[in-house]
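**Student:** Structure file query.txt, compact mmCIF, C-alpha atoms, is pasted below:
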```txt
# COMPACT_ATOMS: atom_id res chain seq x y z
CA MET A 1 60.15 130.21 92.55
CA THR A 2 61.67 126.79 91.99
CA LEU A 3 63.37 125.13 94.93
CA LEU A 4 66.60 123.49 93.87
CA ARG A 5 67.38 120.25 95.63
CA TRP A 6 70.69 120.19 97.40
CA PRO A 7 72.39 116.88 96.57
CA LYS A 8 71.96 114.28 99.29
CA ARG A 9 74.99 113.56 101.39
CA PRO A 10 77.05 110.64 100.05
CA GLU A 11 76.60 108.74 103.33
CA ASP A 12 72.81 109.05 103.06
CA ARG A 13 72.82 107.93 99.44
CA PHE A 14 75.12 105.02 100.27
CA THR A 15 73.04 103.95 103.27
CA ALA A 16 69.80 104.07 101.29
CA LEU A 17 71.35 101.92 98.56
CA VAL A 18 73.07 99.19 100.55
CA ARG A 19 71.07 98.92 103.78
CA PRO A 20 68.32 96.72 102.26
CA HIS A 21 71.01 94.22 101.21
CA LEU A 22 73.09 94.06 104.38
CA ARG A 23 71.47 90.93 105.83
CA LEU A 24 71.85 89.15 102.51
CA LEU A 25 75.53 90.12 102.47
CA HIS A 26 76.00 88.91 106.03
CA ARG A 27 74.31 85.61 105.24
CA MET A 28 76.42 85.07 102.13
CA ALA A 29 79.58 86.04 103.99
CA TYR A 30 78.65 83.51 106.66
CA ARG A 31 77.99 80.82 104.06
CA TRP A 32 81.52 81.29 102.75
CA THR A 33 83.43 81.95 105.98
CA GLN A 34 81.34 79.73 108.33
CA HIS A 35 81.93 82.24 111.11
CA GLY A 36 79.61 85.02 112.29
CA ASP A 37 82.32 87.50 113.33
CA GLU A 38 84.33 86.96 110.18
CA ALA A 39 81.17 87.43 108.14
CA GLU A 40 80.63 90.85 109.71
CA ASP A 41 84.29 91.81 109.16
CA LEU A 42 84.04 90.80 105.52
CA VAL A 43 80.88 92.86 104.99
CA GLN A 44 82.49 95.84 106.73
CA ASP A 45 85.55 95.54 104.53
CA VAL A 46 83.47 95.44 101.35
CA LEU A 47 81.36 98.44 102.39
CA THR A 48 84.46 100.47 103.20
CA ARG A 49 85.75 99.83 99.69
CA LEU A 50 82.38 100.61 98.09
CA PHE A 51 81.53 103.85 99.89
CA PRO A 52 83.70 106.05 97.64
CA ARG A 53 81.97 104.41 94.63
CA VAL A 54 78.44 105.51 95.58
CA ALA A 55 77.82 107.12 92.18
CA GLU A 56 78.70 103.83 90.48
CA LEU A 57 76.38 101.91 92.82
CA GLU A 58 73.50 104.21 91.88
CA LYS A 59 73.79 103.09 88.27
CA VAL A 60 73.70 99.35 89.03
CA ASP A 61 70.50 97.72 87.81
CA LYS A 62 70.24 94.76 90.21
CA LEU A 63 72.26 95.79 93.21
CA GLY A 64 71.75 92.63 95.32
CA PRO A 65 73.54 90.18 92.99
CA TRP A 66 76.09 92.88 92.15
CA LEU A 67 76.97 93.29 95.82
CA VAL A 68 77.17 89.51 96.30
CA ARG A 69 79.60 89.38 93.38
CA VAL A 70 81.80 92.07 94.97
CA LEU A 71 81.59 90.27 98.31
CA TYR A 72 82.59 86.98 96.70
CA ARG A 73 85.62 88.51 94.99
CA ARG A 74 86.76 90.07 98.24
CA PHE A 75 86.29 86.75 100.04
CA VAL A 76 88.46 85.06 97.40
CA ASP A 77 91.11 87.78 97.76
CA LEU A 78 91.22 87.55 101.53
CA TYR A 79 90.83 83.81 102.04
CA ARG A 80 91.67 81.78 98.99
CA ARG A 81 94.47 83.71 97.27
CA ASN A 82 96.53 83.43 100.47
CA ALA A 83 95.62 79.84 101.24
CA ASN A 84 98.59 78.45 99.32
CA SER A 85 101.13 80.83 100.80
CA PRO A 86 103.62 79.15 103.16
CA ILE A 87 103.80 82.26 105.34
CA ASP A 88 100.07 82.91 105.62
CA ASP A 89 97.85 80.81 107.82
CA ASN A 90 94.65 81.77 106.02
CA ALA A 91 92.93 78.68 104.70
CA GLU A 92 89.59 77.50 103.46
CA PRO A 93 87.01 77.66 106.24
CA SER A 94 85.76 74.46 107.82
CA ALA A 95 82.12 73.61 108.39
CA ASP A 96 80.48 75.38 111.33
CA ASP A 97 79.11 72.38 113.29
CA ALA A 98 78.39 74.56 116.31
CA LEU A 99 75.53 76.34 114.57
CA PHE A 100 73.66 73.03 114.14
CA ASP A 101 74.60 71.59 117.53
CA GLN A 102 73.26 74.58 119.44
CA ARG A 103 69.93 74.35 117.62
CA MET A 104 69.33 70.65 118.31
CA THR A 105 66.82 71.10 121.07
CA GLY A 106 63.51 70.77 119.28
CA GLU A 107 61.20 68.00 118.12
CA CYS A 108 62.55 64.73 116.72
CA GLU A 109 61.61 65.64 113.17
CA GLN A 110 63.44 68.96 113.43
CA LEU A 111 66.36 67.20 115.10
CA GLU A 112 66.70 64.72 112.27
CA LYS A 113 66.58 67.52 109.73
CA LEU A 114 69.35 69.42 111.52
CA ILE A 115 71.50 66.30 111.71
CA LEU A 116 71.10 65.77 107.96
CA GLN A 117 71.86 69.43 107.30
CA ARG A 118 74.97 69.27 109.47
CA GLU A 119 76.12 66.28 107.42
CA LEU A 120 75.38 68.13 104.20
CA ASN A 121 77.25 71.20 105.39
CA ARG A 122 80.25 69.07 106.33
CA ALA A 123 80.09 67.46 102.91
CA LEU A 124 79.92 70.88 101.26
CA PHE A 125 83.14 71.91 102.96
CA SER A 126 84.85 68.69 101.94
CA ILE A 127 84.28 69.11 98.20
CA ASP A 128 86.10 71.38 95.78
CA SER A 129 85.50 75.05 96.62
CA GLY A 130 84.46 75.80 93.03
CA TRP A 131 81.68 73.23 93.27
CA ARG A 132 80.69 74.43 96.72
CA ASP A 133 80.32 78.07 95.56
CA VAL A 134 77.86 76.99 92.88
CA VAL A 135 75.77 74.91 95.31
CA LEU A 136 75.71 77.67 97.93
CA LEU A 137 74.43 80.23 95.46
CA HIS A 138 72.06 78.05 93.44
CA ASP A 139 70.71 75.36 95.79
CA VAL A 140 71.05 77.14 99.14
CA GLU A 141 70.34 80.76 98.21
CA GLY A 142 68.15 80.14 95.18
CA TYR A 143 69.97 82.18 92.53
CA ALA A 144 69.25 81.22 88.91
CA VAL A 145 72.02 79.52 86.94
CA LEU A 146 72.57 82.70 84.90
CA GLU A 147 72.93 84.80 88.05
CA VAL A 148 75.35 82.28 89.55
CA ALA A 149 77.40 82.44 86.36
CA GLU A 150 77.56 86.24 86.60
CA ILE A 151 78.40 86.31 90.30
CA LEU A 152 81.17 83.73 89.99
CA ASP A 153 82.32 84.92 86.56
CA LEU A 154 81.80 81.49 84.99
CA ASN A 155 79.98 80.40 81.88
CA VAL A 156 76.56 78.80 82.24
CA GLY A 157 77.78 75.39 81.07
CA THR A 158 80.43 75.31 83.80
CA VAL A 159 77.85 76.21 86.45
CA LYS A 160 75.54 73.39 85.34
CA SER A 161 78.36 70.88 85.18
CA ARG A 162 79.63 71.82 88.65
CA LEU A 163 76.11 71.64 90.06
CA HIS A 164 75.64 68.15 88.67
CA ARG A 165 78.96 66.89 90.02
CA ALA A 166 78.54 68.56 93.39
CA ARG A 167 75.07 67.10 93.91
CA LYS A 168 76.36 63.63 93.13
CA LYS A 169 79.12 64.06 95.71
CA LEU A 170 76.67 65.38 98.29
CA ARG A 171 74.32 62.46 97.72
CA LEU A 172 77.13 60.01 98.25
CA ALA A 173 78.33 61.88 101.33
CA LEU A 174 74.87 61.84 102.85
CA GLU A 175 74.56 58.08 102.27
CA ALA A 176 77.97 57.38 103.78
CA GLY A 177 77.88 59.90 106.62
CA THR A 178 77.07 59.26 110.28
CA LYS A 179 73.46 60.20 110.86
CA THR A 180 72.93 59.20 114.44
CA VAL A 181 69.49 60.21 115.62
CA PRO A 182 68.99 60.10 119.42
CA GLU A 183 67.30 56.92 120.69
CA THR A 184 64.40 58.92 122.09
CA CYS A 185 63.34 59.57 118.50
CA MET B 1 50.85 51.15 87.18
CA MET B 2 52.27 54.59 87.99
CA ASP B 3 54.68 56.09 85.43
CA CYS B 4 57.80 58.18 86.14
CA ARG B 5 56.14 61.49 85.25
CA LEU B 6 53.31 60.98 87.73
CA ALA B 7 55.70 59.60 90.36
CA GLN B 8 57.94 62.66 90.12
CA GLN B 9 54.93 64.99 90.26
CA GLN B 10 53.82 63.33 93.50
CA LEU B 11 57.32 63.55 94.94
CA GLU B 12 57.38 67.29 94.26
CA GLN B 13 54.12 67.78 96.14
CA LEU B 14 55.84 66.98 99.43
CA LYS B 15 52.99 64.99 101.01
CA PRO B 16 53.45 63.83 104.60
CA GLU B 17 52.93 60.20 103.55
CA ASN B 18 53.54 58.76 100.09
CA GLU B 19 50.83 56.74 98.36
CA PRO B 20 51.29 52.94 98.08
CA GLY B 21 51.42 53.25 94.28
CA LEU B 22 54.33 55.72 94.52
CA LEU B 23 56.21 53.52 96.99
CA LEU B 24 55.76 50.53 94.68
CA HIS B 25 57.08 52.58 91.74
CA LEU B 26 60.09 53.76 93.72
CA ARG B 27 60.98 50.20 94.66
CA ARG B 28 61.21 49.32 90.99
CA CYS B 29 62.57 52.55 89.43
CA GLY B 30 66.17 53.58 90.11
CA ASP B 31 65.80 56.90 88.26
CA CYS B 32 62.88 57.98 90.43
CA ARG B 33 64.68 56.89 93.62
CA GLU B 34 67.59 59.10 92.55
CA TYR B 35 65.15 61.90 91.76
CA ALA B 36 63.56 61.54 95.20
CA GLU B 37 66.96 61.71 96.89
CA ASP B 38 67.93 64.80 94.85
CA LEU B 39 64.69 66.46 95.92
CA ARG B 40 65.35 65.63 99.57
CA ILE B 41 68.85 67.10 99.36
CA ALA B 42 67.59 70.18 97.52
CA ARG B 43 65.01 70.81 100.27
CA LEU B 44 67.60 70.39 103.00
CA LEU B 45 69.97 72.78 101.23
CA ARG B 46 67.26 75.37 100.61
CA SER B 47 66.48 75.54 104.33
CA MET B 48 70.11 75.42 105.48
CA PRO B 49 70.30 77.62 108.60
CA ALA B 50 72.52 80.67 108.98
CA PRO B 51 72.90 82.80 112.10
CA GLU B 52 71.31 86.23 112.23
CA PRO B 53 73.82 89.06 112.65
CA THR B 54 74.11 90.42 116.18
CA ALA B 55 72.10 93.47 117.27
CA GLY B 56 73.20 96.75 115.72
CA PHE B 57 74.94 95.04 112.80
CA GLU B 58 73.64 97.39 110.13
CA SER B 59 74.60 100.57 111.98
CA ARG B 60 78.00 99.16 112.93
CA VAL B 61 79.08 98.23 109.43
CA LEU B 62 77.64 101.35 107.80
CA ASP B 63 79.16 103.73 110.35
CA GLY B 64 82.48 101.93 110.12
CA ALA B 65 82.56 102.06 106.33
CA ILE B 66 81.61 105.74 106.16
CA ARG B 67 84.07 106.73 108.88
CA GLN B 68 86.95 104.96 107.20
CA SER B 69 86.51 106.33 103.73
CA ARG B 70 85.09 109.52 102.37
CA PRO B 71 84.91 110.61 98.74
CA ALA B 72 87.55 113.07 97.61
CA ARG B 73 85.11 115.12 95.58
CA LEU B 74 81.41 115.28 94.91
CA VAL B 75 81.54 115.01 91.12
CA GLY B 76 84.54 114.98 88.82
CA ASN B 77 86.74 118.03 88.82
CA ALA B 78 86.81 121.44 87.32
CA THR B 79 89.66 121.01 84.88
CA GLY B 80 88.84 121.10 81.23
CA TRP B 81 85.77 123.26 81.53
CA LYS B 82 85.22 125.29 78.45
CA LEU B 83 85.42 129.00 78.81
CA ALA B 84 82.60 130.33 76.68
CA THR B 85 80.81 133.53 76.17
CA ALA B 86 77.78 133.37 78.39
CA ALA B 87 75.32 135.15 76.14
CA SER B 88 72.67 132.50 76.72
CA LEU B 89 73.00 132.63 80.49
CA LEU B 90 71.11 135.37 82.17
CA LEU B 91 71.74 134.45 85.73
CA ALA B 92 71.86 136.46 88.85
CA VAL B 93 73.03 135.36 92.23
CA PHE B 94 72.52 136.80 95.61
CA LEU B 95 73.36 135.36 98.91
CA ALA B 96 71.63 135.96 102.19
CA LEU B 97 73.23 135.20 105.48
CA PRO B 98 70.62 135.22 108.24
CA ARG B 99 70.86 137.95 110.78
CA GLN B 100 71.72 136.53 114.14
CA SER B 101 70.46 139.56 116.03
CA PRO B 102 68.10 141.24 115.79
CA ALA B 103 65.51 138.94 114.17
CA PRO B 104 65.65 138.72 110.38
CA ALA B 105 63.60 141.11 108.32
CA GLY B 106 62.33 140.70 104.79
CA PRO B 107 61.38 137.62 102.78
CA VAL B 108 64.89 136.33 102.27
CA GLY B 109 65.80 136.59 105.92
CA GLN B 110 62.62 134.80 106.92
CA LEU B 111 63.44 131.92 104.64
CA ALA B 112 66.91 131.49 106.04
CA GLU B 113 66.14 130.11 109.46
CA THR B 114 68.97 129.07 111.69
CA ALA B 115 68.13 125.44 112.49
CA ARG B 116 71.18 124.71 114.63
CA PRO B 117 73.54 127.06 116.37
CA ASP B 118 76.55 125.85 114.37
CA VAL B 119 74.80 125.63 111.00
CA VAL B 120 73.87 128.70 108.99
CA PRO B 121 71.55 128.15 106.03
CA VAL B 122 72.90 130.25 103.18
CA THR B 123 70.37 130.98 100.46
CA LEU B 124 71.38 131.43 96.85
CA ALA B 125 68.88 132.70 94.30
CA LEU B 126 69.67 131.91 90.68
CA ASN B 127 67.58 133.85 88.18
CA SER B 128 67.66 132.32 84.75
CA GLY B 129 66.21 133.85 81.60
CA ARG B 130 65.22 130.39 80.36
CA ALA B 131 65.09 126.77 81.50
CA LEU B 132 68.50 125.11 81.61
CA ALA B 133 68.21 121.33 81.79
CA GLY B 134 71.18 119.49 83.30
CA ALA B 135 73.10 122.62 84.24
CA LYS B 136 76.28 121.99 86.18
CA ILE B 137 76.57 123.97 89.39
CA ARG B 138 79.89 124.35 91.10
CA VAL B 139 80.28 125.89 94.54
CA VAL B 140 83.74 126.56 95.96
CA MET B 141 83.58 127.44 99.64
CA PRO B 142 86.05 129.84 101.27
CA GLU B 143 88.46 128.56 103.87
CA HIS B 144 86.43 129.59 106.89
CA LEU B 145 83.13 127.98 105.78
CA GLU B 146 82.11 124.46 104.82
CA VAL B 147 78.89 122.72 103.84
CA ARG B 148 77.58 120.31 106.45
CA GLY B 149 78.00 116.75 105.24
CA PHE B 150 80.87 117.75 102.95
CA GLU B 151 83.45 118.66 105.55
CA ASN B 152 86.97 119.14 104.21
CA GLN B 153 85.52 119.36 100.73
CA ARG B 154 85.58 122.91 99.47
CA ASP B 155 84.85 122.21 95.82
CA LEU B 156 81.34 120.79 95.23
CA GLN B 157 79.85 120.09 91.82
CA TRP B 158 76.55 118.58 90.73
CA ARG B 159 74.02 118.73 87.94
CA THR B 160 70.46 119.98 88.22
CA ASP B 161 67.68 121.44 86.08
CA LEU B 162 67.25 125.18 86.36
CA LYS B 163 63.77 126.45 85.60
CA ALA B 164 63.14 129.75 83.90
CA GLY B 165 62.84 132.44 86.53
CA ALA B 166 63.98 132.22 90.12
CA ASN B 167 65.62 129.09 91.49
CA ARG B 168 66.51 128.96 95.15
CA LEU B 169 69.15 126.80 96.77
CA THR B 170 69.90 126.68 100.48
CA LEU B 171 73.27 125.41 101.62
CA PRO B 172 73.71 124.24 105.24
CA VAL B 173 76.91 126.13 105.94
CA GLN B 174 78.97 125.85 109.09
CA GLN B 175 81.88 127.92 110.33
CA ARG B 176 85.47 126.70 110.27
CA THR B 177 88.54 128.38 111.52
CA GLY B 178 90.39 130.56 109.07
CA ARG B 179 90.22 134.04 107.68
CA VAL B 180 86.89 135.69 107.10
CA ASN B 181 85.59 138.19 104.54
CA ASP B 182 86.26 135.81 101.71
CA VAL B 183 84.13 134.87 98.69
CA ILE B 184 82.02 131.89 97.69
CA LEU B 185 82.71 131.04 94.07
CA ILE B 186 79.69 129.86 92.11
CA GLU B 187 79.90 128.63 88.55
CA ILE B 188 76.99 127.65 86.33
CA GLU B 189 77.72 125.73 83.16
CA HIS B 190 75.21 124.75 80.55
CA ASP B 191 75.70 123.47 77.01
CA GLY B 192 79.31 124.64 76.86
CA ALA B 193 78.57 128.12 78.19
CA ARG B 194 79.73 129.06 81.65
CA ARG B 195 79.23 131.91 84.03
CA GLU B 196 81.09 132.55 87.20
CA PHE B 197 79.96 134.52 90.22
CA ARG B 198 82.00 135.61 93.18
CA VAL B 199 79.83 136.20 96.18
CA PRO B 200 81.52 138.07 99.02
CA VAL B 201 80.84 136.59 102.43
CA PRO B 202 80.80 138.94 105.37
CA ASP B 203 81.81 137.78 108.82
CA GLY B 204 78.42 136.35 109.63
CA ASN B 205 76.62 139.45 110.89
CA GLY B 206 73.72 138.85 108.60
CA ALA B 207 74.22 141.19 105.67
CA GLU B 208 72.61 140.48 102.36
CA VAL B 209 75.14 140.63 99.60
CA ARG B 210 75.03 140.55 95.85
CA GLY B 211 77.05 138.39 93.54
CA GLN B 212 79.41 139.79 90.97
CA ASP B 213 80.42 137.98 87.86
CA ALA B 214 84.04 137.14 87.13
CA GLN B 215 84.56 140.33 85.17
CA GLY B 216 83.53 142.30 88.20
CA MET B 217 80.23 143.33 86.69
CA GLN B 218 77.32 143.61 89.05
CA THR B 219 74.74 140.99 88.03
CA ILE B 220 71.74 141.96 90.06
```
As structure tokens, please, write out the structure in this file.
**Tutor:**
Amino acid sequence: MTLLRWPKRPEDRFTALVRPHLRLLHRMAYRWTQHGDEAEDLVQDVLTRLFPRVAELEKVDKLGPWLVRVLYRRFVDLYRRNANSPIDDNAEPSADDALFDQRMTGECEQLEKLILQRELNRALFSIDSGWRDVVLLHDVEGYAVLEVAEILDLNVGTVKSRLHRARKKLRLALEAGTKTVPETC
Amino acid sequence: MMDCRLAQQQLEQLKPENEPGLLLHLRRCGDCREYAEDLRIARLLRSMPAPEPTAGFESRVLDGAIRQSRPARLVGNATGWKLATAASLLLAVFLALPRQSPAPAGPVGQLAETARPDVVPVTLALNSGRALAGAKIRVVMPEHLEVRGFENQRDLQWRTDLKAGANRLTLPVQQRTGRVNDVILIEIEHDGARREFRVPVPDGNGAEVRGQDAQGMQTI
């Protein structure tokens, strides 16, 4: 006798699919929102919208980048599309200095690195958001140019051009920024 | 004299201290100084910190998402199914509700163990004259029963391969309020042919029942 397999519950299928990617989604959501609680809310919102589409998710070849793409679009919908509205106080996030400040307790070398990274992060949130998105995905998270193009729905040439311009801006910002290292170092 | 290619190779190696030859080259070469600065920025960006989510993050967001939205149906819907003569389908269905008391007797009853007090495993046996790859199975539950995990979803459809001979399927059924002595509707569709079985469900006292096809003909 052949045992027929009862189809797995949608919640089990959904959990098995997305759970391995949740920390990636949280990290990306944080990169864009610069706020831990908002990052979790954004991930929750995306998952709620995706749960009814579990059958579609099962057919996706590379689910990680696909989920990041969905997350990015939702972030744009929730944060950027409303940023220009006079009656909505949503706006582009500002750099999360607190994350760096609370970690500055280690060795001098580590301290100097954190100070430079805080400056870089500030610089990232001072440049055009389109340039920032490319840097966050390519230079921070390590996605290939082609993947960045797919996630952001841009052509490869635009990604490369934005990367080049953004890096130039960041280099200038790092040269001009205040990089005060404590005297004890 | 170090050239740019060698200088850039050494820069990429991330040594704790640069060689005098490299330092001399950097003093004279603007392109390599720019390259060194780009590398430094790239390394800082690649190790840019991000906070870990707080404890229980995964469970919180998954539970929240699943609670807030449930699928309307398992697969598609039943409209548009072709009504076909089912000459190629030689299927039989019987359903066994486990006896609650006394203990179950016979092979079917032994298979249908009651794992939880509120869940009754209902066993369906589908006897097929030949293998049916990718057959569509549809189960429509009566008002007073539902399949665990598919609450408020009476119409379930999915595809599976039926092997020649006996195929067994156990549904984790739980009781709802509503009238009893209803039927479970089971439809099997394969390659345009369809057969429908109506399986009467007693009030849970453990009777074995046999399915009848839609024309009322006994099929087992």
**Student:** Restricting the calculation to all atoms listed in the file, which member of B:Pro142, B:Gly134, B:Pro172, B:Pro49 is positioned closest to Asp101 of chain A?
**Tutor:**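 The answer is B:Pro49, which sits nearest to Asp101 of chain A.
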**Student:** Could you write out as a PyMOL selection string the residues of chain A within 9 Å of chain B, counting only C-alpha atoms?
**Tutor:** chain A and resi 1-11+14-15+18-19+22-23+26-27+30-31+34+36-37+39-41+43-55+99-100+113-114+116-118+120-121+135-136+139-142+167-168+170-171+174
**Student:** Anything within 10 Å of (59.6, 56.9, 90.8): list those residues as a list in words, counting all atoms listed in the file and sticking to the file's coordinates.
**Tutor:**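 So the residues meeting the distance criterion are Met2, Asp3, Cys4, Arg5, Leu6, Ala7, Gln8, Gln9, Gln10, Leu11, Gly21, Leu22, Leu23, Leu24, His25, Leu26, Arg27, Arg28, Cys29, Gly30, Asp31, Cys32, Arg33, Glu34, Tyr35 and Ala36 of chain B.
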**Student:** Would you mind listing what lies within 10 Å of segment 148-158 of chain A as a ChimeraX atom specification, with all atoms listed in the file counted and same-chain residues fewer than 2 positions away left out?
**Tutor:** /A:65-73,130-131,133-138,142-146,160-164
**Student:** Kindly export the residues of the current selection with C-alpha atoms, as a PDB file, in the coordinates of the input.
**Tutor:**
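As written to disk, part-v1.pdb reads:
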```pdb
ATOM      1  CA  PRO A  65      73.540  90.180  92.990  1.00  0.00           C
ATOM      2  CA  TRP A  66      76.090  92.880  92.150  1.00  0.00           C
ATOM      3  CA  LEU A  67      76.970  93.290  95.820  1.00  0.00           C
ATOM      4  CA  VAL A  68      77.170  89.510  96.300  1.00  0.00           C
ATOM      5  CA  ARG A  69      79.600  89.380  93.380  1.00  0.00           C
ATOM      6  CA  VAL A  70      81.800  92.070  94.970  1.00  0.00           C
ATOM      7  CA  LEU A  71      81.590  90.270  98.310  1.00  0.00           C
ATOM      8  CA  TYR A  72      82.590  86.980  96.700  1.00  0.00           C
ATOM      9  CA  ARG A  73      85.620  88.510  94.990  1.00  0.00           C
ATOM     10  CA  GLY A 130      84.460  75.800  93.030  1.00  0.00           C
ATOM     11  CA  TRP A 131      81.680  73.230  93.270  1.00  0.00           C
ATOM     12  CA  ASP A 133      80.320  78.070  95.560  1.00  0.00           C
ATOM     13  CA  VAL A 134      77.860  76.990  92.880  1.00  0.00           C
ATOM     14  CA  VAL A 135      75.770  74.910  95.310  1.00  0.00           C
ATOM     15  CA  LEU A 136      75.710  77.670  97.930  1.00  0.00           C
ATOM     16  CA  LEU A 137      74.430  80.230  95.460  1.00  0.00           C
ATOM     17  CA  HIS A 138      72.060  78.050  93.440  1.00  0.00           C
ATOM     18  CA  GLY A 142      68.150  80.140  95.180  1.00  0.00           C
ATOM     19  CA  TYR A 143      69.970  82.180  92.530  1.00  0.00           C
ATOM     20  CA  ALA A 144      69.250  81.220  88.910  1.00  0.00           C
ATOM     21  CA  VAL A 145      72.020  79.520  86.940  1.00  0.00           C
ATOM     22  CA  LEU A 146      72.570  82.700  84.900  1.00  0.00           C
ATOM     23  CA  LYS A 160      75.540  73.390  85.340  1.00  0.00           C
ATOM     24  CA  SER A 161      78.360  70.880  85.180  1.00  0.00           C
ATOM     25  CA  ARG A 162      79.630  71.820  88.650  1.00  0.00           C
ATOM     26  CA  LEU A 163      76.110  71.640  90.060  1.00  0.00           C
ATOM     27  CA  HIS A 164      75.640  68.150  88.670  1.00  0.00           C
TER      28      HIS A 164
END
```
**Student:** Rounded to one decimal in Å, what is the spacing between atom CA of Ala95 of chain A and atom CA of Ser129 of chain A?
**Tutor:**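 Spanning atom CA of Ala95 of chain A to atom CA of Ser129 of chain A is a straight-line distance of 12.3 Å.
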**Student:** Calculate how many Å separate atom CA of Pro200 of chain B from atom CA of Leu185 of chain B, rounding to one decimal.
**Tutor:**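 Those two atoms sit 8.7 Å apart.
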**Student:** Quote the spacing between atom CA of Ala98 of chain A and atom CA of Ser126 of chain A in Å to one decimal place.
**Tutor:**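 Atom CA of Ser126 of chain A lies 16.8 Å from atom CA of Ala98 of chain A.
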